[in-house]
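Novice: Encoded as C-alpha cells, here's the structure I'll be asking about.
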Amino acid sequence: MNILAQAGLFALALVVDSSRIIELPLFGGVHPLLFTAIVVSFAVSSGAFTGGLWGFLGGLSLGLLAGNPQVGALTLGGFLSGSVPVLLRPLVFWRKWTSQVVLGFASVLLFNLTLLAVSSVRGEDSGISVVSGLRMASDAVITAIVCPLVCAGMSRLERRH
Amino acid sequence: MFDTPRNLTAGRRKSRRRLSSRMKLEFAGLAVLGILAAGMAAFPGATLALFSPVRGVINALWRTGLYGVDAVHSVGEGGVRLLGNATRLAQEKAELQKKLETAAGEGAMREEEIRELVRLRRLLNLRESISDRVVAARIIGGEPSALFSTLIIDRGGEDGVREGQPVAAPAGAVGRILSVGPDYAVAMWLCDPRSRIAAYVQRTRVMGVLAGNGGGCELRYLSAGDDVQVGDRILTAGRGSVFPKGIMVGTVTELRKDGLSISAVVAPSVNVRKLEEVLVISRSSPFR
C-alpha cells in the first residue's frame, strides 16, 4: 500500500484514539486501541521492522498529542507492540484470523505492560493490581477482536492499490 | 538460459543471501529503534525538552482540528436525530417536511443548549463554593490507554494553570494537572495508577490514602478496626497541598482485607468519559 495511504489511515486511528469526539464502543470501561490494531496489520503484511517503526511513531505521536510526560514510555510501548509479537510469527499460523487475534492481544498487552513497567521502575505507581490487570486484559481482548477486521480491510485496500 | 538444477541452486543461494542481508538490516534497524525508544523512556525530561517545540505546534494544530471536528460533530448530531424521523416525515408533503426538519433541528440544538446551560450552572455553583481562584476549562482530548487516564484541557500556562493544581467538576474531584503548555494542560485522573491523594470517610472521619488502580480508586492504609462500610462517602482531606478539604471523591463499593489492614474500593463520583467542562483550582498557599 502507498506510504501516504498508510500514514493517512494511521493518523486517522490516532485521532480516533486520542479525541473524545468519536466515542468507540466501550467494553468494561475500555475501547479498542485502534492504532495498535493498525500497527499489527502493517506488521502482518510488511514484517517486524515496519511494525516496529509504525509502533514507534504511533507511540511518539500519541504521547505528543495527549501531551503526556510519559511520551518515552509510550514510544517504547508502541515499538515493542509493533515488533516483538510479529517476530514470534513462526509460533502462530501466519495470515489466519486466529493468528491476527493472538497478535492483537499480545501487542496491546505488551503495550500496556511496558507503560506499567516504566512507571513502576520510575516509582510512579503501585504496580499491577487486580483491577489494572483486568483492564489490561479486557483492553487486549477487545483490540484482538478488532484486529482481524482491520487486517482484512488493509489487505483489501492493498489489493486495490 | 535454461533452469538447470545447478542454476536453480545458485539462484536459491543468491536469494537466500539477499534475504539474510535484508533480515540483518531489519534487525539492525529494530535494534536502533529499540535503543532509541528505551533511551526516551529512561530520560523523559530530556525527551520532553527535545520535543517541546514540536509538541507546541502539534497541540495547537490538534486543538484547532478538534474544535473544527467538534463543530461538524454538533451539526452531525442534529442531522442524526432528524434521520430518525425521516421515514415518518417522508409520507407528508415536502413543505411540511421542511418545516418539521427545521423544527427538529432547532429542538435538538435547543436541547443541547439547555444541557450545556445546566452543566455550566452546576460548574458556576461549584466555582462559587470554592473560595480560591478557579479557571474554567473545556476537555478537548485524552489518552486512550486502558491504564493511564489523562485529559487534555484547553487552558494552560497563559491562563494561570500550573502543574500540580487540582481539577474538579460539579460531581466531585477529577484529578490534578500533570503538565502545562502555553494554551493547554494535561490533567491526570484520580484513578490513574500514578495518582495518590489524602482522603477520609465522611461518616467516621477515618483517614487514608486514595490511590488509583486504572479503573477505579482504593482507599488504602486503613487499619482493621476502622469503621468503614459499603456506601460510605469519601472526601478529599486537604492535606498534601493538592485538593481543598471536603470535595467528593466517590463511594465505597467493597472492602478488602489484607492482613492487619483493609482497603476500600471506591467508585469515583465523576465519570470522566462523560465530562465536558472542569474547573482548575489555583491557590498560592498549600491547602489544609
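As shown in the C-alpha cells, the chain order sets the letters A, B, ...; within each chain, residues go from 1, and ligands are also counted from 1 in the order they appear.
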Could you name the residues that touch region 33-50 of chain A at 6 Å or less, counting only C-alpha atoms, but leaving out those on the same chain fewer than 5 positions away, as a list of chain:residue names?

Specialist: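 Close residues of region 33-50 of chain A: A:Ala13, A:Leu14, A:Gly55, A:Gly82, A:Ser83, A:Val86, A:Leu87, A:Thr143, A:Cys147, A:Cys151, B:Glu26, B:Leu30.
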
Novice: Suppose we keep C-alpha atoms; can you now write the selection as a JSON list (two decimals), in the first residue's frame?

Specialist:
[["chain", "number", "residue", "atom", "x", "y", "z"],
["A", 13, "ALA", "CA", -6.59, 5.90, 14.02],
["A", 14, "LEU", "CA", -4.51, 8.14, 16.28],
["A", 55, "GLY", "CA", 4.58, 1.48, 16.52],
["A", 82, "GLY", "CA", 4.62, -3.45, 16.76],
["A", 83, "SER", "CA", 7.74, -5.59, 16.52],
["A", 86, "VAL", "CA", 5.35, -10.34, 14.94],
["A", 87, "LEU", "CA", 8.89, -11.65, 15.47],
["A", 143, "THR", "CA", -8.40, -4.87, 20.38],
["A", 147, "CYS", "CA", -7.55, -6.82, 14.73],
["A", 151, "CYS", "CA", -6.19, -6.64, 8.78],
["B", 26, "GLU", "CA", 15.93, -5.08, 9.54],
["B", 30, "LEU", "CA", 14.97, -2.71, 15.05]]

Novice: Restrict the distance test to only C-alpha atoms, flag each residue of chain B within 6 Å of chain A, and return the flagged residues as an NGL selection string.

Specialist: :B and (26 or 30 or 37-38 or 40-41 or 44 or 55 or 141-144 or 146 or 193-194 or 213-214)

Novice: What would the file look like if the residues just selected were written as a PDB file, in the first residue's frame with C-alpha atoms?

Specialist:
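Now in selection22.pdb:
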ATOM      1  CA  GLU B  26      15.931  -5.081   9.545  1.00  0.00           C
ATOM      2  CA  LEU B  30      14.967  -2.709  15.052  1.00  0.00           C
ATOM      3  CA  ALA B  37      12.817   4.148  22.464  1.00  0.00           C
ATOM      4  CA  ALA B  38      14.411   2.743  25.635  1.00  0.00           C
ATOM      5  CA  MET B  40      13.461   8.068  25.558  1.00  0.00           C
ATOM      6  CA  ALA B  41      11.637   6.052  28.242  1.00  0.00           C
ATOM      7  CA  PRO B  44      11.562  11.523  29.974  1.00  0.00           C
ATOM      8  CA  ARG B  55       4.724  19.431  20.894  1.00  0.00           C
ATOM      9  CA  GLY B 141      -8.915  15.115  24.391  1.00  0.00           C
ATOM     10  CA  GLY B 142      -7.379  12.360  26.404  1.00  0.00           C
ATOM     11  CA  GLU B 143      -5.125   9.327  26.486  1.00  0.00           C
ATOM     12  CA  PRO B 144      -6.608   6.139  25.076  1.00  0.00           C
ATOM     13  CA  ALA B 146      -6.749   1.429  29.490  1.00  0.00           C
ATOM     14  CA  PRO B 193      -2.241   4.326  38.898  1.00  0.00           C
ATOM     15  CA  ARG B 194       0.216   7.211  39.419  1.00  0.00           C
ATOM     16  CA  ASN B 213      -5.719   1.457  40.066  1.00  0.00           C
ATOM     17  CA  GLY B 214      -6.536   2.152  36.447  1.00  0.00           C
TER      18      GLY B 214
END

Novice: From the list A:Ala106, A:Ala5, A:Leu157, A:Val101, which residue is nearest Leu88 (chain A) when using only C-alpha atoms?

Specialist: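 Checking each of A:Ala106, A:Ala5, A:Leu157, A:Val101 against Leu88 (chain A), counting only C-alpha atoms, the winner is A:Ala106.
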
Novice: Between CA of Leu110 (chain A) and CA of Pro85 (chain A), what is the distance, to one decimal in Å?

Specialist: 8.6 Å
